[in-house]
$ cat structure_39.txt   # compact mmCIF, C-alpha atoms and all ligand atoms
# COMPACT_ATOMS: atom_id res chain seq x y z
CA MET H 1 -11.50 -3.58 6.45
CA GLN H 2 -14.93 -4.31 7.73
CA GLU H 3 -16.22 -5.66 4.45
CA ASN H 4 -13.44 -8.25 4.39
CA THR H 5 -14.23 -9.54 7.86
CA LEU H 6 -17.83 -9.90 6.80
CA GLY H 7 -16.75 -11.54 3.61
CA LYS H 8 -14.69 -14.38 4.94
CA GLY H 9 -17.34 -16.92 5.71
CA TRP H 10 -19.40 -15.79 2.79
CA TYR H 11 -16.95 -16.64 0.01
CA GLY H 12 -16.16 -20.03 1.39
CA MET H 13 -19.71 -21.08 2.05
CA ALA H 14 -22.05 -19.32 -0.27
CA GLY H 15 -20.32 -19.32 -3.60
CA PRO H 16 -17.82 -17.67 -5.88
CA LEU H 17 -16.34 -14.25 -5.42
CA PHE H 18 -16.62 -13.54 -9.14
CA HIS H 19 -18.79 -15.36 -11.60
CA ILE H 20 -19.14 -15.01 -15.36
CA GLU H 21 -21.96 -16.81 -17.09
CA ASP H 22 -22.50 -17.14 -20.83
CA LEU H 23 -20.99 -13.73 -21.50
CA HIS H 24 -21.27 -12.28 -25.00
CA VAL H 25 -19.51 -9.05 -25.93
CA SER H 26 -19.48 -7.19 -29.21
CA VAL H 27 -17.27 -4.45 -30.56
CA GLU H 28 -18.46 -2.37 -33.45
CA ASP H 29 -21.26 -4.87 -34.07
CA LYS H 30 -18.91 -7.82 -34.22
CA GLU H 31 -19.28 -10.48 -31.57
CA ILE H 32 -15.90 -11.05 -29.95
CA VAL H 33 -16.64 -12.83 -26.67
CA ARG H 34 -19.03 -15.65 -27.46
CA GLY H 35 -20.44 -17.44 -24.49
CA LEU H 36 -17.74 -17.36 -21.85
CA ASN H 37 -18.11 -19.01 -18.45
CA LEU H 38 -15.71 -18.63 -15.56
CA THR H 39 -16.00 -19.00 -11.81
CA LEU H 40 -13.38 -17.42 -9.58
CA LYS H 41 -13.37 -18.19 -5.90
CA GLY H 42 -11.56 -16.25 -3.22
CA GLY H 43 -7.90 -17.23 -2.92
CA GLU H 44 -7.70 -18.66 -6.43
CA ILE H 45 -5.43 -17.71 -9.27
CA HIS H 46 -6.75 -18.36 -12.76
CA ALA H 47 -4.60 -17.96 -15.85
CA ILE H 48 -6.05 -17.38 -19.31
CA MET H 49 -3.86 -18.24 -22.27
CA GLY H 50 -4.74 -18.29 -25.93
CA PRO H 51 -3.54 -17.29 -29.35
CA ASN H 52 -3.59 -13.66 -30.52
CA GLY H 53 -6.95 -12.19 -31.37
CA THR H 54 -9.13 -14.66 -29.47
CA GLY H 55 -10.83 -12.05 -27.27
CA LYS H 56 -8.79 -12.06 -24.05
CA SER H 57 -8.28 -8.30 -23.76
CA THR H 58 -11.83 -7.72 -24.93
CA LEU H 59 -13.03 -9.84 -22.03
CA ALA H 60 -10.89 -7.86 -19.57
CA SER H 61 -12.06 -4.47 -20.85
CA ALA H 62 -15.69 -5.53 -20.99
CA LEU H 63 -15.56 -6.75 -17.39
CA MET H 64 -14.30 -3.34 -16.29
CA GLY H 65 -17.11 -1.60 -18.18
CA HIS H 66 -15.15 -0.04 -21.04
CA PRO H 67 -17.76 1.79 -23.14
CA ALA H 68 -16.43 0.50 -26.49
CA TYR H 69 -17.45 -3.03 -25.54
CA GLU H 70 -21.14 -3.82 -25.64
CA ILE H 71 -22.46 -6.62 -23.48
CA ILE H 72 -24.97 -8.44 -25.62
CA GLY H 73 -25.69 -11.31 -23.28
CA GLY H 74 -24.81 -13.09 -20.07
CA LYS H 75 -24.32 -12.37 -16.43
CA VAL H 76 -21.40 -11.23 -14.26
CA THR H 77 -21.57 -11.12 -10.47
CA LEU H 78 -19.23 -10.01 -7.68
CA ASP H 79 -20.29 -11.39 -4.29
CA GLY H 80 -23.59 -12.17 -5.95
CA GLU H 81 -24.14 -8.57 -7.07
CA ASP H 82 -24.79 -7.75 -10.71
CA VAL H 83 -21.59 -6.21 -12.08
CA LEU H 84 -23.09 -5.34 -15.46
CA GLU H 85 -25.49 -2.96 -13.73
CA MET H 86 -22.62 -1.10 -12.08
CA SER H 87 -20.88 2.01 -13.41
CA VAL H 88 -17.14 1.83 -14.05
CA ASP H 89 -16.55 3.75 -10.79
CA GLU H 90 -18.73 1.39 -8.84
CA ARG H 91 -16.83 -1.61 -10.17
CA ALA H 92 -13.58 -0.05 -9.00
CA ARG H 93 -15.09 0.80 -5.63
CA LYS H 94 -16.20 -2.80 -5.22
CA GLY H 95 -12.60 -3.83 -5.75
CA MET H 96 -12.29 -4.68 -9.42
CA PHE H 97 -8.96 -3.82 -10.97
CA LEU H 98 -7.47 -4.21 -14.44
CA ALA H 99 -3.81 -3.85 -15.32
CA MET H 100 -4.07 -3.13 -19.01
CA GLN H 101 -2.08 -4.74 -21.79
CA TYR H 102 -1.39 -1.27 -23.19
CA PRO H 103 -1.62 1.24 -20.32
CA ALA H 104 -2.76 4.63 -21.59
CA GLU H 105 -0.63 7.75 -21.27
CA VAL H 106 -2.40 10.57 -19.46
CA PRO H 107 -0.53 13.85 -19.91
CA GLY H 108 -1.28 16.50 -17.30
CA VAL H 109 -2.12 14.05 -14.51
CA SER H 110 0.69 13.09 -12.16
CA ASN H 111 1.08 9.47 -11.30
CA ALA H 112 0.69 10.19 -7.56
CA ASN H 113 -2.47 12.24 -8.09
CA PHE H 114 -3.97 9.60 -10.31
CA ILE H 115 -3.37 6.87 -7.75
CA ARG H 116 -4.59 9.02 -4.85
CA THR H 117 -7.81 9.88 -6.67
CA ALA H 118 -8.37 6.23 -7.53
CA LEU H 119 -7.63 5.16 -3.98
CA ASN H 120 -10.04 7.70 -2.48
CA ALA H 121 -12.70 6.57 -4.91
CA ARG H 122 -12.02 2.99 -3.87
CA LEU H 123 -12.28 3.84 -0.17
CA GLY H 124 -15.58 5.65 -0.67
CA GLU H 125 -16.96 8.90 0.65
CA GLY H 126 -15.74 9.98 4.08
CA ASN H 127 -12.79 7.57 4.08
CA GLU H 128 -10.14 9.62 2.31
CA ILE H 129 -6.58 8.67 3.04
CA PRO H 130 -4.62 11.52 4.70
CA VAL H 131 -2.17 13.04 2.21
CA MET H 132 0.96 12.37 4.27
CA LYS H 133 -0.02 8.81 4.91
CA PHE H 134 -0.70 8.31 1.23
CA HIS H 135 2.71 9.60 0.21
CA ARG H 136 4.48 7.48 2.81
CA GLU H 137 2.68 4.40 1.58
CA LEU H 138 3.27 5.30 -2.07
CA GLN H 139 6.99 5.80 -1.54
CA ALA H 140 7.26 2.53 0.38
CA GLN H 141 5.50 0.60 -2.37
CA MET H 142 7.55 2.27 -5.09
CA LYS H 143 10.70 1.28 -3.29
CA ARG H 144 9.48 -2.27 -3.00
CA LEU H 145 8.71 -2.38 -6.72
CA ASN H 146 12.03 -0.77 -7.57
CA ILE H 147 10.40 2.29 -9.14
CA ASP H 148 12.40 5.51 -8.98
CA PRO H 149 10.71 8.04 -6.61
CA VAL H 150 10.62 10.65 -9.40
CA PHE H 151 7.93 8.57 -11.09
CA ALA H 152 5.43 9.79 -8.50
CA GLU H 153 5.42 13.25 -10.02
CA ARG H 154 5.74 12.29 -13.67
CA TYR H 155 2.62 12.33 -15.82
CA LEU H 156 0.85 9.01 -15.81
CA ASN H 157 2.65 6.63 -18.16
CA GLU H 158 3.91 9.49 -20.34
CA GLY H 159 7.27 8.49 -21.72
CA PHE H 160 7.41 5.46 -19.44
CA SER H 161 9.24 2.50 -20.97
CA GLY H 162 7.24 -0.66 -21.59
CA GLY H 163 8.50 -2.27 -18.40
CA GLU H 164 8.01 0.92 -16.39
CA LYS H 165 4.37 1.04 -17.44
CA LYS H 166 3.86 -2.54 -16.33
CA ARG H 167 5.50 -1.97 -12.96
CA ASN H 168 3.37 1.14 -12.55
CA GLU H 169 0.22 -0.91 -13.12
CA ILE H 170 1.38 -3.17 -10.29
CA LEU H 171 2.01 -0.10 -8.14
CA GLN H 172 -1.63 0.83 -8.63
CA MET H 173 -2.64 -2.71 -7.72
CA VAL H 174 -0.76 -2.78 -4.43
CA MET H 175 -2.00 0.70 -3.52
CA LEU H 176 -5.66 0.02 -4.31
CA LYS H 177 -5.77 -3.45 -2.75
CA PRO H 178 -8.42 -4.79 -5.12
CA ARG H 179 -10.32 -8.04 -4.68
CA VAL H 180 -10.82 -9.04 -8.29
CA VAL H 181 -7.47 -8.54 -9.96
CA ILE H 182 -7.25 -8.84 -13.74
CA LEU H 183 -3.76 -8.65 -15.19
CA ASP H 184 -3.57 -8.48 -18.99
CA GLU H 185 -0.10 -9.51 -20.17
CA ILE H 186 1.56 -7.97 -17.15
CA ASP H 187 4.72 -9.90 -18.09
CA SER H 188 5.12 -8.42 -21.55
CA GLY H 189 8.09 -6.09 -21.66
CA LEU H 190 9.34 -6.95 -18.19
CA ASP H 191 12.95 -7.91 -17.68
CA ILE H 192 13.59 -10.98 -15.57
CA ASP H 193 14.25 -9.07 -12.34
CA ALA H 194 11.12 -6.97 -12.79
CA LEU H 195 9.14 -10.13 -13.50
CA LYS H 196 10.19 -11.54 -10.14
CA ILE H 197 9.34 -8.31 -8.34
CA VAL H 198 5.91 -8.21 -9.95
CA ALA H 199 5.30 -11.88 -9.10
CA GLU H 200 6.29 -11.23 -5.51
CA ALA H 201 3.81 -8.35 -5.31
CA VAL H 202 1.03 -10.53 -6.70
CA ASN H 203 1.86 -13.42 -4.41
CA SER H 204 1.90 -11.14 -1.38
CA MET H 205 -1.69 -10.16 -2.16
CA ARG H 206 -2.94 -13.74 -2.24
CA SER H 207 -5.64 -14.21 0.37
CA PRO H 208 -9.07 -15.82 0.65
CA GLU H 209 -10.61 -12.41 -0.05
CA VAL H 210 -8.86 -11.88 -3.37
CA THR H 211 -9.12 -13.63 -6.72
CA PHE H 212 -6.87 -13.25 -9.76
CA LEU H 213 -7.41 -13.55 -13.49
CA ILE H 214 -4.07 -13.47 -15.23
CA ILE H 215 -3.86 -13.27 -19.01
CA THR H 216 -0.50 -14.34 -20.37
CA HIS H 217 1.16 -15.94 -23.37
CA TYR H 218 4.03 -17.41 -21.41
CA GLN H 219 4.46 -20.21 -18.99
CA ARG H 220 7.38 -18.37 -17.46
CA LEU H 221 5.17 -15.98 -15.51
CA LEU H 222 3.27 -18.95 -14.15
CA GLN H 223 6.44 -20.39 -12.69
CA TYR H 224 6.54 -17.41 -10.38
CA ILE H 225 2.81 -16.94 -9.93
CA VAL H 226 1.53 -20.47 -9.65
CA PRO H 227 -2.04 -20.69 -10.95
CA ASP H 228 -4.70 -23.01 -9.59
CA PHE H 229 -6.33 -23.20 -13.01
CA VAL H 230 -5.21 -22.58 -16.57
CA HIS H 231 -7.83 -21.83 -19.21
CA VAL H 232 -7.41 -21.61 -22.95
CA MET H 233 -9.45 -19.06 -24.87
CA MET H 234 -10.22 -19.52 -28.54
CA GLN H 235 -13.00 -18.07 -30.67
CA GLY H 236 -14.16 -15.91 -27.77
CA ARG H 237 -14.73 -18.63 -25.22
CA ILE H 238 -12.92 -20.97 -22.86
CA VAL H 239 -12.26 -24.16 -24.80
CA ARG H 240 -10.12 -26.07 -22.31
CA SER H 241 -9.30 -25.81 -18.61
CA GLY H 242 -6.67 -27.61 -16.61
CA GLY H 243 -3.89 -27.16 -14.12
CA ARG H 244 -0.48 -25.63 -14.67
CA GLU H 245 0.60 -28.64 -16.71
CA LEU H 246 -1.70 -27.35 -19.45
CA ALA H 247 0.41 -24.18 -19.64
CA GLU H 248 3.56 -26.26 -19.85
CA ARG H 249 2.19 -28.34 -22.69
CA LEU H 250 1.10 -25.25 -24.61
CA GLU H 251 4.53 -23.72 -24.21
CA ALA H 252 6.20 -26.88 -25.46
CA GLU H 253 3.79 -27.77 -28.25
CA GLY H 254 1.84 -24.65 -29.17
CA TYR H 255 -1.89 -24.67 -29.87
CA ASP H 256 -2.17 -26.94 -32.93
CA TRP H 257 -2.81 -30.14 -30.99
CA LEU H 258 -5.66 -28.50 -29.11
CA LYS H 259 -7.17 -26.97 -32.24
CA HIS H 260 -6.96 -30.38 -33.82
CA GLU H 261 -8.65 -32.05 -30.87
CA LEU H 262 -11.41 -29.47 -30.89
CA GLY H 263 -11.80 -29.40 -34.65
CA ILE H 264 -11.06 -25.69 -34.75
CA GLU H 265 -9.48 -24.24 -37.88
CA ASP H 266 -9.50 -20.54 -37.13
CA GLU H 267 -9.03 -19.89 -33.43
CA THR H 268 -9.51 -16.13 -33.70
CA VAL H 269 -12.75 -14.24 -33.66
CA GLY H 270 -11.99 -13.24 -37.23
CA VAL H 271 -13.99 -13.48 -40.42
CA GLN H 272 -15.89 -16.72 -40.05
CA ALA H 273 -18.07 -15.84 -37.08
N1 LIG H 301 -11.83 -1.46 -29.71
C1 LIG H 301 -11.82 -2.33 -30.74
N2 LIG H 301 -12.16 -1.93 -31.98
C2 LIG H 301 -12.16 -2.80 -33.02
N3 LIG H 301 -11.82 -4.10 -32.91
C3 LIG H 301 -11.48 -4.55 -31.71
C4 LIG H 301 -11.46 -3.70 -30.56
N4 LIG H 301 -11.08 -4.42 -29.49
C5 LIG H 301 -10.88 -5.66 -29.95
N5 LIG H 301 -11.12 -5.75 -31.27
C6 LIG H 301 -10.97 -6.94 -32.11
O1 LIG H 301 -11.38 -8.06 -31.36
C7 LIG H 301 -10.54 -9.17 -31.62
C8 LIG H 301 -9.97 -9.70 -30.31
O2 LIG H 301 -9.07 -8.75 -29.77
P1 LIG H 301 -8.43 -8.89 -28.33
O3 LIG H 301 -7.58 -7.69 -28.11
O4 LIG H 301 -9.50 -9.15 -27.35
O5 LIG H 301 -7.54 -10.19 -28.51
P2 LIG H 301 -6.50 -10.88 -27.51
O6 LIG H 301 -6.97 -12.26 -27.31
O7 LIG H 301 -6.31 -10.01 -26.33
O8 LIG H 301 -5.18 -10.90 -28.41
P3 LIG H 301 -3.61 -10.70 -27.98
O9 LIG H 301 -3.16 -12.01 -27.47
O10 LIG H 301 -2.96 -10.36 -29.29
O11 LIG H 301 -3.54 -9.59 -26.99
C9 LIG H 301 -9.47 -8.70 -32.59
O12 LIG H 301 -9.85 -9.08 -33.90
C10 LIG H 301 -9.51 -7.19 -32.43
O13 LIG H 301 -9.11 -6.54 -33.59
MG MG H 302 -4.77 -8.94 -25.58
$ encode --input "structure_39.txt" --output "structure tokens" --more "lines below"
Ligand SMILES: Nc1ncnc2c1ncn2[C@@H]1O[C@H](COP(=O)(O)OP(=O)(O)OP(=O)(O)O)[C@@H](O)[C@H]1O
Ligand SMILES: [Mg+2]
Amino acid sequence: MQENTLGKGWYGMAGPLFHIEDLHVSVEDKEIVRGLNLTLKGGEIHAIMGPNGTGKSTLASALMGHPAYEIIGGKVTLDGEDVLEMSVDERARKGMFLAMQYPAEVPGVSNANFIRTALNARLGEGNEIPVMKFHRELQAQMKRLNIDPVFAERYLNEGFSGGEKKRNEILQMVMLKPRVVILDEIDSGLDIDALKIVAEAVNSMRSPEVTFLIITHYQRLLQYIVPDFVHVMMQGRIVRSGGRELAERLEAEGYDWLKHELGIEDETVGVQA
């Protein structure tokens, strides 16, 4: 892709691929994300961990432009361009992608049609993928992800098992070839073989043009997808960053030691704002 060739020198020399600065997000007038900073460079994998209800999924949805989440402050840029000014479609076209924690069921829309529409939107006007080529590619990727071919014609996520939904999110990822990949608990509900397949798909996409933000509760995923950075989110912001050893410590010891160190009593974005 032309834009990638252009991009190469740019990411390395001129700054981050994706940058979040002092982001504040509210839902129903309650501030959930409270001053979050994060810099993702091309080629990097960042993991976000954190107890339940600390704003991780809210962050992911807000970045994608979900209308329920109101941005009340801060700045987000992709290649230096203002993401918060972009429509949801534009964000997708620029290569942002979110695999949701709870993928929505969309009755009446076949999985294949959904992905083809999304892919054509991603490619932009005048660059539609020929139908035959699309189906060949789709079938090849489904095979690779061990998804039964009948899932192409089933309605999007309708009646899919938990693990099938997650693998289907990854199918969308490999088909759309995004550049800013946000995976929200992609490991939840996956059996161990599926986890390895998903990890392989993610690892195969690693390149200097792509950056990953992976939200997870478990260190296990990070054994297969080795992160460059691990961040902990509490009270709607990043409270600690480290390498993968941070994930290992959290798995072994939980969050109490960190809360203690930080003087945090309630890590959620609950009642005491
Ligand atoms: N659409 C919404 N409407 C009302 N409250 C919301 C909405 N989205 C998020 N919240 C609230 O924001 C807080 C943070 O939720 P969020 O889903 O971001 O947490 P999380 O860190 O992803 O938790 P988990 O680890 O359990 O997935 C919670 O108190 C939640 O109830
Ligand atoms: Mg969540």
$ atom_distance --input "structure_39.txt" --atom1 "atom CA of H:Val239" --atom2 "atom CA of H:Pro103"
27.9 Å
$ closest_residue --input "structure_39.txt" --among "H:Arg34, H:Arg249, H:Lys41, H:Arg167" --to "ligand LIG 301 (chain H)" --atoms "only C-alpha atoms and all ligand atoms"
H:Arg34
$ residues_near_ligand --input "structure_39.txt" --ligand "ligand LIG 301 (chain H)" --cutoff "9 Å" --atoms "all atoms listed in the file" --output "PyMOL selection string"
chain H and resi 26-28+30-33+49-61+68-69+101+184-185+215-217+233-236+268-271
$ atom_distance --input "structure_39.txt" --atom1 "atom CA of H:Leu36" --atom2 "atom CA of H:Met86"
19.6 Å
$ closest_residue --input "structure_39.txt" --among "H:Ala194, H:Val202, H:Ile214, H:Leu23" --to "ligand MG 302 (chain H)" --atoms "all atoms listed in the file"
H:Ile214
$ atom_distance --input "structure_39.txt" --atom1 "atom CA of H:Thr211" --atom2 "atom CA of H:Gly163"
24.0 Å
$ decode --input "structure_39.txt" --residues "stretch 191-229 of chain H" --atoms "N, CA and C atoms" --output "PDB file, in the first residue's frame"
ATOM      1  N   ASP H 191     -10.512 -21.205  24.022  1.00  0.00           N
ATOM      2  CA  ASP H 191      -9.820 -22.391  24.516  1.00  0.00           C
ATOM      3  C   ASP H 191      -8.337 -22.266  24.165  1.00  0.00           C
ATOM      4  N   ILE H 192      -7.540 -23.143  24.686  1.00  0.00           N
ATOM      5  CA  ILE H 192      -6.090 -22.965  24.589  1.00  0.00           C
ATOM      6  C   ILE H 192      -5.584 -23.042  23.142  1.00  0.00           C
ATOM      7  N   ASP H 193      -6.218 -23.888  22.331  1.00  0.00           N
ATOM      8  CA  ASP H 193      -5.799 -23.974  20.926  1.00  0.00           C
ATOM      9  C   ASP H 193      -6.177 -22.692  20.174  1.00  0.00           C
ATOM     10  N   ALA H 194      -7.387 -22.202  20.465  1.00  0.00           N
ATOM     11  CA  ALA H 194      -7.831 -20.968  19.805  1.00  0.00           C
ATOM     12  C   ALA H 194      -6.956 -19.795  20.230  1.00  0.00           C
ATOM     13  N   LEU H 195      -6.550 -19.800  21.493  1.00  0.00           N
ATOM     14  CA  LEU H 195      -5.677 -18.731  21.988  1.00  0.00           C
ATOM     15  C   LEU H 195      -4.375 -18.685  21.194  1.00  0.00           C
ATOM     16  N   LYS H 196      -3.827 -19.851  20.917  1.00  0.00           N
ATOM     17  CA  LYS H 196      -2.576 -19.915  20.144  1.00  0.00           C
ATOM     18  C   LYS H 196      -2.785 -19.451  18.713  1.00  0.00           C
ATOM     19  N   ILE H 197      -3.921 -19.821  18.131  1.00  0.00           N
ATOM     20  CA  ILE H 197      -4.217 -19.411  16.755  1.00  0.00           C
ATOM     21  C   ILE H 197      -4.367 -17.895  16.677  1.00  0.00           C
ATOM     22  N   VAL H 198      -5.072 -17.340  17.652  1.00  0.00           N
ATOM     23  CA  VAL H 198      -5.271 -15.892  17.692  1.00  0.00           C
ATOM     24  C   VAL H 198      -3.932 -15.177  17.874  1.00  0.00           C
ATOM     25  N   ALA H 199      -3.110 -15.698  18.768  1.00  0.00           N
ATOM     26  CA  ALA H 199      -1.796 -15.094  19.023  1.00  0.00           C
ATOM     27  C   ALA H 199      -0.945 -15.137  17.752  1.00  0.00           C
ATOM     28  N   GLU H 200      -1.026 -16.242  17.048  1.00  0.00           N
ATOM     29  CA  GLU H 200      -0.253 -16.372  15.808  1.00  0.00           C
ATOM     30  C   GLU H 200      -0.693 -15.322  14.795  1.00  0.00           C
ATOM     31  N   ALA H 201      -2.017 -15.102  14.720  1.00  0.00           N
ATOM     32  CA  ALA H 201      -2.543 -14.106  13.779  1.00  0.00           C
ATOM     33  C   ALA H 201      -2.059 -12.706  14.151  1.00  0.00           C
ATOM     34  N   VAL H 202      -2.073 -12.418  15.433  1.00  0.00           N
ATOM     35  CA  VAL H 202      -1.599 -11.102  15.881  1.00  0.00           C
ATOM     36  C   VAL H 202      -0.110 -10.956  15.585  1.00  0.00           C
ATOM     37  N   ASN H 203       0.649 -11.966  15.943  1.00  0.00           N
ATOM     38  CA  ASN H 203       2.100 -11.882  15.734  1.00  0.00           C
ATOM     39  C   ASN H 203       2.463 -11.737  14.259  1.00  0.00           C
ATOM     40  N   SER H 204       1.665 -12.363  13.394  1.00  0.00           N
ATOM     41  CA  SER H 204       1.960 -12.289  11.964  1.00  0.00           C
ATOM     42  C   SER H 204       1.721 -10.877  11.420  1.00  0.00           C
ATOM     43  N   MET H 205       0.920 -10.103  12.156  1.00  0.00           N
ATOM     44  CA  MET H 205       0.645  -8.728  11.704  1.00  0.00           C
ATOM     45  C   MET H 205       1.651  -7.713  12.214  1.00  0.00           C
ATOM     46  N   ARG H 206       2.522  -8.172  13.113  1.00  0.00           N
ATOM     47  CA  ARG H 206       3.515  -7.231  13.682  1.00  0.00           C
ATOM     48  C   ARG H 206       4.378  -6.666  12.579  1.00  0.00           C
ATOM     49  N   SER H 207       4.467  -5.345  12.534  1.00  0.00           N
ATOM     50  CA  SER H 207       5.348  -4.692  11.561  1.00  0.00           C
ATOM     51  C   SER H 207       5.552  -3.263  12.040  1.00  0.00           C
ATOM     52  N   PRO H 208       6.526  -2.574  11.487  1.00  0.00           N
ATOM     53  CA  PRO H 208       6.775  -1.188  11.917  1.00  0.00           C
ATOM     54  C   PRO H 208       5.603  -0.252  11.626  1.00  0.00           C
ATOM     55  N   GLU H 209       4.675  -0.703  10.777  1.00  0.00           N
ATOM     56  CA  GLU H 209       3.544   0.163  10.412  1.00  0.00           C
ATOM     57  C   GLU H 209       2.330  -0.049  11.302  1.00  0.00           C
ATOM     58  N   VAL H 210       2.425  -1.027  12.203  1.00  0.00           N
ATOM     59  CA  VAL H 210       1.247  -1.388  12.993  1.00  0.00           C
ATOM     60  C   VAL H 210       1.561  -1.270  14.479  1.00  0.00           C
ATOM     61  N   THR H 211       0.580  -0.812  15.250  1.00  0.00           N
ATOM     62  CA  THR H 211       0.763  -0.782  16.694  1.00  0.00           C
ATOM     63  C   THR H 211      -0.441  -1.437  17.368  1.00  0.00           C
ATOM     64  N   PHE H 212      -0.203  -2.064  18.513  1.00  0.00           N
ATOM     65  CA  PHE H 212      -1.245  -2.844  19.183  1.00  0.00           C
ATOM     66  C   PHE H 212      -1.482  -2.358  20.607  1.00  0.00           C
ATOM     67  N   LEU H 213      -2.748  -2.301  20.976  1.00  0.00           N
ATOM     68  CA  LEU H 213      -3.146  -2.026  22.351  1.00  0.00           C
ATOM     69  C   LEU H 213      -4.012  -3.204  22.792  1.00  0.00           C
ATOM     70  N   ILE H 214      -3.485  -3.988  23.699  1.00  0.00           N
ATOM     71  CA  ILE H 214      -4.146  -5.240  24.043  1.00  0.00           C
ATOM     72  C   ILE H 214      -4.599  -5.218  25.499  1.00  0.00           C
ATOM     73  N   ILE H 215      -5.906  -5.215  25.693  1.00  0.00           N
ATOM     74  CA  ILE H 215      -6.468  -5.204  27.047  1.00  0.00           C
ATOM     75  C   ILE H 215      -6.681  -6.650  27.482  1.00  0.00           C
ATOM     76  N   THR H 216      -6.126  -7.009  28.614  1.00  0.00           N
ATOM     77  CA  THR H 216      -6.306  -8.379  29.085  1.00  0.00           C
ATOM     78  C   THR H 216      -6.215  -8.445  30.600  1.00  0.00           C
ATOM     79  N   HIS H 217      -6.825  -9.482  31.161  1.00  0.00           N
ATOM     80  CA  HIS H 217      -6.678  -9.720  32.602  1.00  0.00           C
ATOM     81  C   HIS H 217      -5.582 -10.738  32.887  1.00  0.00           C
ATOM     82  N   TYR H 218      -5.150 -11.450  31.841  1.00  0.00           N
ATOM     83  CA  TYR H 218      -4.306 -12.608  32.111  1.00  0.00           C
ATOM     84  C   TYR H 218      -2.957 -12.575  31.428  1.00  0.00           C
ATOM     85  N   GLN H 219      -1.985 -12.923  32.201  1.00  0.00           N
ATOM     86  CA  GLN H 219      -0.619 -13.010  31.762  1.00  0.00           C
ATOM     87  C   GLN H 219      -0.452 -14.052  30.654  1.00  0.00           C
ATOM     88  N   ARG H 220      -1.343 -15.049  30.682  1.00  0.00           N
ATOM     89  CA  ARG H 220      -1.206 -16.156  29.735  1.00  0.00           C
ATOM     90  C   ARG H 220      -1.185 -15.687  28.278  1.00  0.00           C
ATOM     91  N   LEU H 221      -2.070 -14.767  27.946  1.00  0.00           N
ATOM     92  CA  LEU H 221      -2.091 -14.251  26.574  1.00  0.00           C
ATOM     93  C   LEU H 221      -0.741 -13.625  26.224  1.00  0.00           C
ATOM     94  N   LEU H 222      -0.145 -12.984  27.214  1.00  0.00           N
ATOM     95  CA  LEU H 222       1.094 -12.244  26.972  1.00  0.00           C
ATOM     96  C   LEU H 222       2.317 -13.162  26.881  1.00  0.00           C
ATOM     97  N   GLN H 223       2.098 -14.432  27.168  1.00  0.00           N
ATOM     98  CA  GLN H 223       3.164 -15.399  26.895  1.00  0.00           C
ATOM     99  C   GLN H 223       3.241 -15.696  25.411  1.00  0.00           C
ATOM    100  N   TYR H 224       2.088 -15.587  24.768  1.00  0.00           N
ATOM    101  CA  TYR H 224       2.033 -15.860  23.327  1.00  0.00           C
ATOM    102  C   TYR H 224       2.209 -14.593  22.494  1.00  0.00           C
ATOM    103  N   ILE H 225       1.647 -13.502  22.999  1.00  0.00           N
ATOM    104  CA  ILE H 225       1.839 -12.212  22.336  1.00  0.00           C
ATOM    105  C   ILE H 225       2.686 -11.371  23.279  1.00  0.00           C
ATOM    106  N   VAL H 226       3.963 -11.334  23.023  1.00  0.00           N
ATOM    107  CA  VAL H 226       4.878 -10.717  23.984  1.00  0.00           C
ATOM    108  C   VAL H 226       4.837  -9.189  23.859  1.00  0.00           C
ATOM    109  N   PRO H 227       4.383  -8.522  24.916  1.00  0.00           N
ATOM    110  CA  PRO H 227       4.252  -7.065  24.837  1.00  0.00           C
ATOM    111  C   PRO H 227       5.584  -6.361  25.079  1.00  0.00           C
ATOM    112  N   ASP H 228       5.728  -5.182  24.497  1.00  0.00           N
ATOM    113  CA  ASP H 228       6.896  -4.350  24.794  1.00  0.00           C
ATOM    114  C   ASP H 228       6.675  -3.581  26.089  1.00  0.00           C
ATOM    115  N   PHE H 229       5.399  -3.238  26.337  1.00  0.00           N
ATOM    116  CA  PHE H 229       5.063  -2.478  27.541  1.00  0.00           C
ATOM    117  C   PHE H 229       3.798  -3.050  28.160  1.00  0.00           C
TER     118      PHE H 229
END
